[in-house]
file run18.txt (compact mmCIF, C-alpha atoms and all ligand atoms)
# COMPACT_ATOMS: atom_id res chain seq x y z
CA MET A 24 154.75 -33.13 87.30
CA SER A 25 155.52 -30.90 84.30
CA ASP A 26 158.53 -28.57 84.46
CA SER A 27 156.28 -25.51 84.16
CA LEU A 28 154.15 -26.66 87.10
CA HIS A 29 157.22 -27.42 89.14
CA SER A 30 158.72 -23.96 88.56
CA GLY A 31 155.30 -22.27 88.89
CA LEU A 32 154.79 -23.82 92.31
CA ALA A 33 158.30 -22.77 93.35
CA ARG A 34 157.46 -19.16 92.43
CA MET A 35 154.19 -19.34 94.35
CA ARG A 36 156.05 -20.73 97.36
CA GLU A 37 158.52 -17.86 97.36
CA ARG A 38 155.71 -15.29 97.36
CA LEU A 39 153.63 -17.13 99.95
CA LEU A 40 156.55 -17.25 102.39
CA ASP A 41 157.32 -13.55 102.09
CA ALA A 42 155.83 -12.38 105.37
CA GLU A 43 156.60 -8.74 104.57
CA GLU A 44 155.13 -8.51 101.10
CA LEU A 45 152.27 -11.01 100.99
CA VAL A 46 148.89 -9.33 101.28
CA ARG A 47 146.63 -12.31 100.61
CA ALA A 48 146.56 -15.56 98.66
CA VAL A 49 143.74 -17.84 97.58
CA ALA A 50 143.90 -21.42 96.32
CA SER A 51 140.76 -22.84 94.75
CA GLY A 52 139.36 -25.13 92.04
CA ARG A 53 140.82 -28.50 91.21
CA ARG A 54 143.00 -30.15 88.65
CA ARG A 55 141.77 -32.78 86.21
CA SER A 56 140.74 -36.02 87.95
CA ALA A 57 141.84 -34.78 91.35
CA SER A 58 140.14 -33.26 94.38
CA PRO A 59 141.86 -31.10 96.97
CA PRO A 60 140.56 -31.54 100.53
CA TRP A 61 139.20 -27.98 100.61
CA ARG A 62 136.97 -26.00 98.31
CA ARG A 63 139.11 -22.93 98.87
CA VAL A 64 141.99 -21.84 101.11
CA GLU A 65 142.97 -18.28 101.97
CA LEU A 66 146.31 -17.21 103.41
CA ARG A 67 147.57 -13.98 104.86
CA TYR A 68 149.94 -12.84 107.59
CA VAL A 69 148.57 -11.51 110.86
CA ASP A 70 150.35 -9.90 113.79
CA LEU A 71 149.32 -11.58 116.99
CA ARG A 72 150.57 -10.86 120.50
CA SER A 73 152.99 -13.76 120.08
CA GLY A 74 154.38 -12.42 116.80
CA ARG A 75 153.62 -12.67 113.12
CA HIS A 76 151.74 -15.76 111.97
CA LEU A 77 150.53 -17.14 108.70
CA GLN A 78 146.76 -17.37 108.93
CA VAL A 79 145.30 -20.22 106.94
CA THR A 80 141.54 -20.30 106.46
CA SER A 81 140.23 -23.45 104.81
CA TYR A 82 136.66 -23.69 103.50
CA ASP A 83 134.66 -26.84 102.97
CA ASP A 84 131.11 -26.70 101.64
CA THR A 85 129.61 -25.40 104.83
CA GLN A 86 132.21 -23.84 107.10
CA ALA A 87 135.55 -22.09 107.43
CA PHE A 88 138.38 -23.39 109.61
CA THR A 89 141.09 -20.94 110.63
CA ARG A 90 144.48 -21.67 112.09
CA ASN A 91 147.48 -19.43 112.74
CA VAL A 92 150.90 -20.87 112.08
CA PRO A 93 154.09 -19.15 113.31
CA VAL A 94 156.34 -17.80 110.54
CA GLY A 95 159.49 -19.78 109.80
CA GLU A 96 159.50 -23.54 109.53
CA PRO A 97 155.90 -24.12 110.65
CA ALA A 98 154.57 -21.67 108.02
CA ALA A 99 156.85 -23.17 105.36
CA GLY A 100 155.50 -26.63 106.23
CA ALA A 101 151.89 -25.45 105.96
CA VAL A 102 152.59 -23.77 102.60
CA ASP A 103 154.33 -26.88 101.24
CA ASP A 104 151.36 -29.04 102.27
CA LEU A 105 148.95 -26.73 100.47
CA LEU A 106 151.09 -26.48 97.33
CA ALA A 107 151.13 -30.27 97.21
CA GLU A 108 147.31 -30.30 96.99
CA PRO A 109 145.78 -30.41 93.48
CA PHE A 110 144.24 -26.91 93.49
CA GLY A 111 143.38 -25.66 90.00
CA THR A 112 144.36 -21.99 90.61
CA TRP A 113 146.38 -19.84 92.94
CA HIS A 114 145.91 -16.08 93.19
CA ILE A 115 148.59 -14.25 95.13
CA GLU A 116 148.45 -10.60 96.01
CA THR A 117 151.66 -8.97 97.23
CA THR A 118 152.39 -5.30 97.80
CA GLU A 119 154.10 -5.30 94.41
CA ALA A 120 152.00 -7.48 92.13
CA LEU A 121 149.00 -9.72 91.54
CA THR A 122 150.11 -13.14 90.38
CA SER A 123 147.87 -15.97 89.33
CA MET A 124 148.70 -19.51 88.36
CA ARG A 125 146.23 -21.76 86.58
CA VAL A 126 146.92 -25.43 85.96
CA THR A 127 145.82 -26.55 82.48
CA LYS A 128 144.13 -29.85 81.63
CA LYS A 129 147.53 -31.16 80.50
CA GLY A 130 149.07 -30.28 83.88
CA HIS A 131 151.04 -27.22 82.76
CA ALA A 132 151.17 -24.01 84.78
CA GLN A 133 150.04 -20.73 83.21
CA LEU A 134 151.29 -17.72 85.14
CA ARG A 135 150.17 -14.11 84.92
CA THR A 136 151.61 -11.20 86.85
CA GLU A 137 150.31 -7.64 86.96
CA PRO A 138 152.06 -4.88 88.91
CA ARG A 139 149.90 -3.10 91.46
CA ASP A 140 149.79 0.18 93.32
CA PRO A 141 151.87 -0.41 96.47
CA ALA A 142 149.99 2.23 98.50
CA ALA A 143 146.70 0.43 97.94
CA ALA A 144 148.29 -2.89 98.72
CA VAL A 145 149.76 -1.82 102.05
CA SER A 146 146.42 -0.49 103.21
CA SER A 147 144.82 -3.87 102.61
CA ARG A 148 147.55 -6.02 104.14
CA GLY A 149 146.13 -8.74 106.26
CA HIS A 150 147.94 -7.87 109.42
CA ASP A 151 147.06 -4.18 109.05
CA ARG A 152 143.45 -5.17 108.71
CA GLU A 153 143.84 -7.29 111.80
CA LYS A 154 144.39 -4.23 113.98
CA PRO A 155 141.15 -2.69 115.13
CA ARG A 156 140.88 0.90 113.94
CA LEU A 157 141.12 3.41 116.77
CA LEU A 158 139.26 6.02 114.75
CA PRO A 159 137.14 4.40 112.05
CA ALA A 160 137.41 5.88 108.57
CA ASP A 161 133.74 6.88 108.66
CA ASP A 162 134.12 8.85 111.91
CA ALA A 163 132.76 12.40 111.53
CA PHE A 164 136.14 13.94 112.41
CA VAL A 165 138.06 11.73 110.00
CA ARG A 166 135.70 12.78 107.23
CA ALA A 167 135.71 16.46 108.21
CA VAL A 168 139.51 16.79 108.06
CA GLY A 169 139.45 15.24 104.59
CA ILE A 170 141.01 11.83 105.28
CA SER A 171 137.95 9.96 104.07
CA ASP A 172 135.21 10.83 101.62
CA GLU A 173 131.54 11.41 102.37
CA ARG A 174 130.90 7.64 102.23
CA GLY A 175 133.53 7.14 104.93
CA LYS A 176 136.17 5.59 102.64
CA VAL A 177 139.78 6.66 103.07
CA LYS A 178 140.83 8.69 100.02
CA PRO A 179 143.71 7.07 98.09
CA SER A 180 145.87 10.18 98.61
CA MET A 181 145.21 10.05 102.36
CA GLN A 182 146.11 6.42 103.06
CA ALA A 183 149.51 7.34 104.50
CA LYS A 184 148.07 10.09 106.69
CA TYR A 185 145.38 7.77 108.01
CA ARG A 186 147.99 5.13 108.82
CA GLN A 187 150.07 7.77 110.61
CA ILE A 188 147.04 8.88 112.63
CA GLU A 189 146.31 5.33 113.71
CA GLU A 190 149.92 4.69 114.75
CA PHE A 191 149.99 7.97 116.61
CA LEU A 192 146.75 7.22 118.48
CA ARG A 193 148.11 3.83 119.49
CA LEU A 194 151.20 5.49 120.96
CA LEU A 195 149.12 8.20 122.61
CA SER A 196 146.80 5.65 124.12
CA ASP A 197 149.65 3.54 125.55
CA SER A 198 151.45 6.63 126.83
CA MET A 199 148.30 7.97 128.49
CA ALA A 200 147.80 4.64 130.20
CA ALA A 201 151.40 4.71 131.47
CA ALA A 202 151.03 8.31 132.67
CA GLN A 203 147.74 7.52 134.40
CA ALA A 204 149.18 4.38 136.01
CA ALA A 205 152.10 6.45 137.32
CA GLY A 206 149.61 8.95 138.74
CA ARG A 207 151.07 11.75 136.59
CA ILE A 208 147.86 12.82 134.83
CA GLY A 209 144.19 12.67 135.62
CA GLU A 210 143.77 15.40 138.20
CA ARG A 211 140.18 15.41 139.41
CA GLY A 212 137.91 18.36 138.81
CA ARG A 213 139.47 19.74 135.65
CA PRO A 214 139.79 18.68 132.03
CA LEU A 215 142.97 17.19 130.62
CA ARG A 216 144.98 19.99 129.01
CA VAL A 217 146.76 19.08 125.77
CA VAL A 218 148.89 21.38 123.61
CA ASP A 219 149.96 20.55 120.04
CA LEU A 220 152.98 22.65 119.10
CA GLY A 221 153.50 23.11 115.34
CA CYS A 222 150.08 21.58 114.63
CA GLY A 223 150.03 22.50 110.91
CA ASN A 224 146.82 21.29 109.30
CA ALA A 225 145.96 19.59 112.58
CA TYR A 226 145.03 16.13 111.30
CA LEU A 227 146.68 14.66 114.37
CA THR A 228 145.30 17.36 116.66
CA PHE A 229 141.73 16.65 115.62
CA ALA A 230 142.34 12.90 115.77
CA ALA A 231 143.84 13.11 119.28
CA PHE A 232 141.01 15.32 120.51
CA ARG A 233 138.37 13.04 119.07
CA TYR A 234 140.05 9.91 120.37
CA LEU A 235 140.57 11.21 123.91
CA THR A 236 137.07 12.62 124.21
CA ARG A 237 135.16 9.89 122.36
CA VAL A 238 137.07 6.70 123.12
CA HIS A 239 138.69 7.58 126.46
CA GLU A 240 135.66 9.71 127.35
CA LEU A 241 137.89 12.32 128.95
CA PRO A 242 137.03 15.97 129.31
CA VAL A 243 139.76 17.63 127.26
CA VAL A 244 140.78 21.14 126.35
CA MET A 245 143.28 21.30 123.57
CA THR A 246 145.26 24.06 121.92
CA GLY A 247 147.03 23.91 118.56
CA ILE A 248 149.83 26.40 117.92
CA ASP A 249 151.35 27.15 114.54
CA LEU A 250 153.18 29.96 112.81
CA LYS A 251 150.86 29.82 109.81
CA GLY A 252 147.80 32.02 109.74
CA GLN A 253 146.24 29.89 107.03
CA ALA A 254 146.39 26.83 109.29
CA LEU A 255 144.70 28.83 112.05
CA GLN A 256 141.76 29.80 109.84
CA ARG A 257 141.23 26.36 108.40
CA ASN A 258 141.51 24.58 111.74
CA THR A 259 139.30 27.04 113.60
CA ALA A 260 136.59 26.79 110.93
CA LEU A 261 136.73 22.99 111.16
CA ALA A 262 136.45 23.04 114.95
CA VAL A 263 133.38 25.28 114.63
CA ASP A 264 131.84 22.91 112.06
CA LEU A 265 132.51 19.97 114.34
CA GLY A 266 130.96 21.72 117.32
CA CYS A 267 134.08 21.58 119.50
CA SER A 268 135.48 25.10 119.15
CA ASP A 269 135.12 25.78 122.89
CA GLU A 270 137.37 22.87 123.81
CA LEU A 271 139.66 22.77 120.79
CA GLN A 272 141.25 26.08 119.89
CA PHE A 273 144.03 27.22 117.61
CA HIS A 274 146.45 30.11 117.91
CA LYS A 275 148.87 31.63 115.47
CA GLY A 276 152.33 32.14 116.86
CA SER A 277 155.68 30.63 117.63
CA ILE A 278 156.17 27.70 119.92
CA ALA A 279 158.73 29.66 121.91
CA ALA A 280 156.29 32.45 122.69
CA ALA A 281 153.03 30.49 122.93
CA GLN A 282 150.80 31.57 125.81
CA VAL A 283 148.72 28.68 127.06
CA GLU A 284 146.74 28.05 130.16
CA GLN A 285 148.60 25.92 132.67
CA PRO A 286 149.14 23.28 133.88
CA VAL A 287 149.70 21.54 130.55
CA ASP A 288 149.32 17.77 130.92
CA VAL A 289 150.29 16.55 127.48
CA VAL A 290 152.59 18.23 124.96
CA LEU A 291 152.56 17.04 121.37
CA ALA A 292 155.11 18.17 118.79
CA LEU A 293 154.85 16.13 115.62
CA HIS A 294 157.31 16.80 112.86
CA ALA A 295 157.81 20.38 113.94
CA CYS A 296 160.74 21.60 111.88
CA ASP A 297 164.34 21.34 113.07
CA THR A 298 164.79 23.36 116.30
CA ALA A 299 161.03 23.84 116.68
CA THR A 300 161.18 20.39 118.32
CA ASP A 301 163.74 21.77 120.79
CA ASP A 302 161.48 24.76 121.44
CA ALA A 303 158.61 22.37 122.14
CA LEU A 304 160.64 20.18 124.48
CA ALA A 305 161.93 23.22 126.34
CA ARG A 306 158.37 24.52 126.75
CA ALA A 307 157.25 21.14 128.05
CA VAL A 308 160.05 21.12 130.61
CA GLY A 309 159.24 24.70 131.60
CA TRP A 310 155.57 23.86 132.06
CA GLY A 311 156.46 20.71 133.98
CA SER A 312 154.26 18.70 131.60
CA PRO A 313 154.05 15.07 132.66
CA LEU A 314 153.73 13.59 129.17
CA VAL A 315 155.49 14.65 125.98
CA LEU A 316 155.26 13.02 122.57
CA ALA A 317 157.66 14.54 120.07
CA ALA A 318 158.38 13.20 116.60
CA PRO A 319 161.37 15.18 115.36
CA CYS A 320 161.53 16.26 111.76
CA CYS A 321 164.78 17.52 110.24
CA HIS A 322 167.95 17.97 112.30
CA HIS A 323 169.83 20.76 110.53
CA TYR A 324 171.03 22.48 113.67
CA VAL A 325 173.33 19.69 114.83
CA GLN A 326 174.17 18.62 111.29
CA ALA A 327 175.56 22.08 110.53
CA GLN A 328 177.73 21.87 113.67
CA LEU A 329 178.90 18.38 112.71
CA ARG A 330 180.04 19.63 109.32
CA ARG A 331 182.18 22.33 110.95
CA ALA A 332 183.55 20.23 113.82
CA PRO A 333 186.76 18.22 113.60
CA THR A 334 186.01 14.54 113.10
CA PRO A 335 186.88 12.46 116.16
CA GLN A 336 188.89 9.38 115.33
CA PRO A 337 188.19 6.72 114.22
CA PHE A 338 184.98 8.15 112.68
CA GLY A 339 186.61 9.41 109.48
CA PRO A 340 185.15 6.55 107.40
CA VAL A 341 181.65 7.44 108.65
CA MET A 342 181.88 11.20 108.25
CA ARG A 343 183.27 11.17 104.73
CA HIS A 344 179.87 9.98 103.42
CA GLY A 345 177.28 12.75 103.46
CA ILE A 346 174.33 10.45 103.99
CA LEU A 347 175.94 8.64 106.91
CA ARG A 348 177.03 11.92 108.48
CA GLU A 349 173.46 13.15 108.19
CA ARG A 350 172.06 10.04 109.84
CA LEU A 351 174.61 10.28 112.60
CA GLY A 352 173.54 13.90 113.10
CA ASP A 353 169.91 12.76 113.48
CA VAL A 354 170.85 10.05 115.95
CA LEU A 355 173.11 12.32 117.99
CA THR A 356 170.48 15.07 118.17
CA ASP A 357 167.75 12.76 119.42
CA ALA A 358 170.03 10.87 121.79
CA MET A 359 171.17 14.15 123.31
CA ARG A 360 167.62 15.48 123.53
CA ALA A 361 166.57 12.30 125.31
CA ALA A 362 169.53 12.57 127.70
CA LEU A 363 168.67 16.20 128.48
CA LEU A 364 165.08 15.27 129.25
CA ARG A 365 166.26 12.44 131.47
CA GLN A 366 168.38 14.93 133.38
CA ARG A 367 165.16 16.89 133.96
CA GLY A 368 163.37 13.95 135.53
CA TYR A 369 161.74 12.36 132.49
CA ARG A 370 161.79 8.70 131.62
CA VAL A 371 162.35 8.73 127.87
CA ASP A 372 161.70 6.05 125.28
CA VAL A 373 162.79 6.52 121.71
CA VAL A 374 160.33 4.49 119.68
CA GLU A 375 159.29 3.96 116.10
CA PHE A 376 156.37 6.18 115.22
CA VAL A 377 155.26 4.85 111.86
CA ALA A 378 156.93 1.74 110.37
CA SER A 379 160.09 2.81 108.57
CA ARG A 380 158.86 1.33 105.28
CA HIS A 381 156.21 4.08 105.25
CA THR A 382 158.31 7.13 106.20
CA PRO A 383 161.93 7.86 107.09
CA ARG A 384 160.74 10.42 109.68
CA ASN A 385 159.63 7.74 112.03
CA THR A 386 161.26 8.43 115.39
CA MET A 387 159.25 9.48 118.41
CA LEU A 388 160.58 10.68 121.75
CA ARG A 389 158.10 9.67 124.40
CA ALA A 390 158.84 11.30 127.71
CA LEU A 391 157.02 10.71 130.97
CA HIS A 392 157.93 12.82 133.96
CA THR A 393 158.69 10.54 136.89
CA GLY A 394 160.56 13.03 139.02
CA CYS A 395 163.72 10.89 139.19
CA THR A 396 166.50 13.35 138.57
CA GLY A 397 169.46 12.40 136.44
CA ASP A 398 172.41 10.76 138.12
CA GLN A 399 176.06 11.68 137.73
CA ASP A 400 176.68 9.04 135.03
CA LEU A 401 173.99 10.62 132.91
CA LEU A 402 175.54 14.07 133.19
CA ARG A 403 179.01 12.70 132.50
CA ASP A 404 177.89 10.71 129.43
CA TYR A 405 176.02 13.67 128.00
CA ALA A 406 179.02 15.96 128.51
CA ALA A 407 181.28 13.37 126.86
CA LEU A 408 179.05 13.31 123.79
CA GLU A 409 179.11 17.09 123.50
CA SER A 410 182.84 17.24 123.86
CA MET A 411 183.63 14.36 121.54
CA TRP A 412 181.45 15.59 118.69
CA GLN A 413 181.66 19.32 119.43
CA VAL A 414 177.92 19.70 118.97
CA ARG A 415 175.15 20.98 121.18
CA PRO A 416 171.46 20.65 120.40
CA ARG A 417 169.36 23.78 120.69
CA LEU A 418 167.49 22.19 123.59
CA ALA A 419 170.64 22.31 125.73
CA GLU A 420 170.94 26.06 125.13
CA LEU A 421 167.27 26.67 125.83
CA LEU A 422 167.33 24.71 129.07
CA ALA A 423 170.54 26.40 130.18
CA ALA A 424 169.05 29.82 129.45
CA ALA A 425 165.91 28.94 131.41
CA GLY A 426 168.09 27.94 134.37
C1 LIG A 501 155.74 19.35 108.96
S1 LIG A 501 154.50 20.30 109.66
C2 LIG A 501 153.79 19.15 110.78
C3 LIG A 501 152.36 19.46 111.09
C4 LIG A 501 151.68 18.49 112.06
N1 LIG A 501 152.23 18.56 113.38
C5 LIG A 501 151.70 17.09 111.53
O1 LIG A 501 152.45 16.27 112.06
O2 LIG A 501 150.96 16.79 110.59
C6 LIG A 501 155.40 21.39 110.72
C7 LIG A 501 154.57 22.55 111.21
O3 LIG A 501 155.31 23.21 112.24
C8 LIG A 501 155.11 24.60 112.12
N2 LIG A 501 156.23 25.26 112.78
C9 LIG A 501 157.55 25.15 112.47
N3 LIG A 501 158.29 25.88 113.32
C10 LIG A 501 157.43 26.46 114.19
C11 LIG A 501 157.59 27.32 115.30
N4 LIG A 501 158.81 27.72 115.71
N5 LIG A 501 156.49 27.74 115.95
C12 LIG A 501 155.24 27.31 115.56
N6 LIG A 501 155.04 26.48 114.52
C13 LIG A 501 156.11 26.06 113.84
C14 LIG A 501 155.06 24.84 110.63
O4 LIG A 501 154.40 26.04 110.31
C15 LIG A 501 154.31 23.60 110.14
O5 LIG A 501 152.93 23.83 110.05
call {"tool": "encode", "arguments": {"input": "run18.txt", "output": "C-alpha cells"}}
result
Amino acid sequence: MSDSLHSGLARMRERLLDAEELVRAVASGRRRSASPPWRRVELRYVDLRSGRHLQVTSYDDTQAFTRNVPVGEPAAGAVDDLLAEPFGTWHIETTEALTSMRVTKKGHAQLRTEPRDPAAAVSSRGHDREKPRLLPADDAFVRAVGISDERGKVKPSMQAKYRQIEEFLRLLSDSMAAAQAAGRIGERGRPLRVVDLGCGNAYLTFAAFRYLTRVHELPVVMTGIDLKGQALQRNTALAVDLGCSDELQFHKGSIAAAQVEQPVDVVLALHACDTATDDALARAVGWGSPLVLAAPCCHHYVQAQLRRAPTPQPFGPVMRHGILRERLGDVLTDAMRAALLRQRGYRVDVVEFVASRHTPRNTMLRALHTGCTGDQDLLRDYAALESMWQVRPRLAELLAAAG
C-alpha cells in the first residue's frame, strides 16, 4: 500500500470514529482490479435507546442491509473492516468539513477537504434525523411563526430555534406524562390551563399550544405574558391568523402582576431575564401550579451579591477568576431555587434543555408538585448555603414576602 493511501485511510478512520462530529460517510466505487463486497456503504451515528451506535448500511445491487454497532471497540472494528475493503472513494461529511478521498489507478490517495457551515451540518446529523419531529417543519404553526418558509423548509437562520422548540416539546411531553401519571393534571370537565411568563415572540408558546392541542389532543387555554407591547401585537395577530385567538391569548404586563384565570396547571418561563425567572417561580408556587418548566437566563442578582460577599475559604482560587465566579453564581442560583421549590412540595429535576454545544443557556428546572413538604435536612442545607455564600436568590425573598 502506498504511503499516501496509508495516511489517507488513517485520516478517514479518525473522522469516521468521531461520534460527535461525523454527520455521514459514504464508501463506493472500486480500485483497479479489485471488487469490494458492496456497491456502496453509508455510515452515520444514531442515538438508540441503548446509546449511540454507528449505523452501517451496505448496498448490493438489489437491497440495503442495515446494522447498528455500539460506539467504542465494536464501531472501530467495523470501520477498520470497511477501510480494508478496496473502495475507490470515500466521502466524509463532518460538522466542520466535507472530505473526500479518491484512490488513483496507481494506488495513491487524493484527498480534498472543504470547510462547511456548521449550523447546516448539525441540522442534518444522522442521529438528529433519527428523532421523529414532534412538530414537522411544514406544520402550519411552524410556518406562521416564521421558522420555516412557505414550502415548509426550516429557514437557515431559524435552525437553532427549531431545534430548541423540538427539545422543549420533548421535555414538555415527558413532563406532562409524569404529571398525568401522578394525577396532578388532567381535571375532567375543563381545559388544561397553561401560562407562558415572559413569552417574548412566543415561538415556544405557539409550539406548545399546537403540540398539546394537535398531538396530545387536549383542550387547552393558554396565556402569554410579556412586558413588550410589540410582542403582544405580533402574537395576537398571529393567533387570529391561525384561528386560535379564543384559546391562545397574550397580555402585556409584568410577570409579578399578571392576572390570569386560575387554577393554572402548567407554568412556562423560558429564558425570562434574571429575576423574572424568580417572579415566575413565585407565581407558580402562589397559584399552586402542579407543573413548572423554567429555563433560567442570566443570573445577575446572585452574581452581584457574590461579588460583594466575603469569599468563604477555600474558594479563593475559584472566585479570583471572573468566569468561574459567574458560573458558580449561576449554579448557586439554580440550586437554591430548586431547593426552595422542594421546600414548597415540588419534586425538582435540573435537566439539560438544549445540548450545551448549541447554547450555553441550557438549564431547565422542571418542577412537579407532589405535595411532599421539605424535610429538616433540606431546610438546614439551604440555610447553610445562604450563610456560607452570603447570597439569597430573589425567589427566597418573594416566597418569604408571600408567607
Ligand atoms: C429572552 S426573551 C425569551 C422569550 C421566550 N420565552 C423564548 O424563550 O423565546 C425574555 C422575555 O422576557 C420578557 N420579560 C423579562 N422580564 C419580564 C417581566 N418581569 N415580566 C414580563 N416579561 C418579562 C422580555 O420582555 C422578553 O421578551
call {"tool": "residues_near_point", "arguments": {"input": "run18.txt", "point": "(176.4, 19.1, 117.0)", "cutoff": "8 Å", "atoms": "only C-alpha atoms", "output": "list in words"}}
result
Tyr324, Val325, Gln326, Ala327, Gln328, Leu329, Ala332, Gly352, Leu355, Thr356, Glu409, Trp412, Gln413, Val414, Arg415 and Pro416 of chain A
call {"tool": "residues_around", "arguments": {"input": "run18.txt", "residues": "Phe164 of chain A", "least_positions_apart": "2", "cutoff": "10 Å", "atoms": "all atoms listed in the file", "output": "PDB file with C-alpha atoms, in the frame of the given file"}}
result
ATOM      1  CA  LEU A 158     139.260   6.020 114.750  1.00  0.00           C
ATOM      2  CA  PRO A 159     137.140   4.400 112.050  1.00  0.00           C
ATOM      3  CA  ALA A 160     137.410   5.880 108.570  1.00  0.00           C
ATOM      4  CA  ASP A 161     133.740   6.880 108.660  1.00  0.00           C
ATOM      5  CA  ASP A 162     134.120   8.850 111.910  1.00  0.00           C
ATOM      6  CA  ARG A 166     135.700  12.780 107.230  1.00  0.00           C
ATOM      7  CA  ALA A 167     135.710  16.460 108.210  1.00  0.00           C
ATOM      8  CA  VAL A 168     139.510  16.790 108.060  1.00  0.00           C
ATOM      9  CA  GLY A 169     139.450  15.240 104.590  1.00  0.00           C
ATOM     10  CA  ILE A 170     141.010  11.830 105.280  1.00  0.00           C
ATOM     11  CA  SER A 171     137.950   9.960 104.070  1.00  0.00           C
ATOM     12  CA  TYR A 226     145.030  16.130 111.300  1.00  0.00           C
ATOM     13  CA  PHE A 229     141.730  16.650 115.620  1.00  0.00           C
ATOM     14  CA  ALA A 230     142.340  12.900 115.770  1.00  0.00           C
ATOM     15  CA  PHE A 232     141.010  15.320 120.510  1.00  0.00           C
ATOM     16  CA  ARG A 233     138.370  13.040 119.070  1.00  0.00           C
ATOM     17  CA  TYR A 234     140.050   9.910 120.370  1.00  0.00           C
ATOM     18  CA  LEU A 261     136.730  22.990 111.160  1.00  0.00           C
ATOM     19  CA  ALA A 262     136.450  23.040 114.950  1.00  0.00           C
ATOM     20  CA  ASP A 264     131.840  22.910 112.060  1.00  0.00           C
ATOM     21  CA  LEU A 265     132.510  19.970 114.340  1.00  0.00           C
TER      22      LEU A 265
END
call {"tool": "closest_residue", "arguments": {"input": "run18.txt", "among": "A:Leu227, A:Leu271, A:Ala423, A:Ala163", "to": "ligand LIG 501 (chain A)", "atoms": "only C-alpha atoms and all ligand atoms"}}
result
A:Leu227
call {"tool": "closest_residue", "arguments": {"input": "run18.txt", "among": "A:Val94, A:Arg237, A:Ala317, A:Cys222", "to": "Gly252 of chain A", "atoms": "only C-alpha atoms"}}
result
A:Cys222
call {"tool": "residues_around", "arguments": {"input": "run18.txt", "residues": "Leu314 of chain A", "least_positions_apart": "5", "cutoff": "6 Å", "atoms": "only C-alpha atoms", "output": "number ranges by chain"}}
result
A: 289, 390-391
call {"tool": "residues_near_ligand", "arguments": {"input": "run18.txt", "ligand": "ligand LIG 501 (chain A)", "cutoff": "8 Å", "atoms": "only C-alpha atoms and all ligand atoms", "output": "PyMOL selection string"}}
result
chain A and resi 219-228+248-251+254+275-279+292-300+302+320
call {"tool": "closest_residue", "arguments": {"input": "run18.txt", "among": "A:Leu32, A:Leu363, A:Leu105, A:Leu40", "to": "Arg63 of chain A", "atoms": "all atoms listed in the file"}}
result
A:Leu105
call {"tool": "atom_distance", "arguments": {"input": "run18.txt", "atom1": "atom CA of Glu190 of chain A", "atom2": "atom CA of Arg211 of chain A"}}
result
28.6 Å
call {"tool": "residues_around", "arguments": {"input": "run18.txt", "residues": "Glu137 of chain A", "least_positions_apart": "2", "cutoff": "12 Å", "atoms": "all atoms listed in the file", "output": "list in words"}}
result
His114, Ile115, Glu116, Thr117, Thr118, Glu119, Ala120, Leu121, Thr122, Ser123, Leu134, Arg135, Arg139 and Asp140 of chain A
call {"tool": "residues_around", "arguments": {"input": "run18.txt", "residues": "Arg370 of chain A", "least_positions_apart": "4", "cutoff": "12 Å", "atoms": "only C-alpha atoms", "output": "NGL selection string"}}
result
:A and (198 or 201-202 or 205 or 313-316 or 361-366 or 388-397)
call {"tool": "atom_distance", "arguments": {"input": "run18.txt", "atom1": "atom CA of Val243 of chain A", "atom2": "atom CA of Ile208 of chain A"}}
result
12.1 Å
call {"tool": "axis_aligned_box", "arguments": {"input": "run18.txt", "around": "segment 165-181 of chain A", "padding_each_side": "8 Å", "output": "lines of an AutoDock Vina configuration file"}}
result
center_x = 138.4
center_y = 11.2
center_z = 104.0
size_x = 31.0
size_y = 27.2
size_z = 27.9
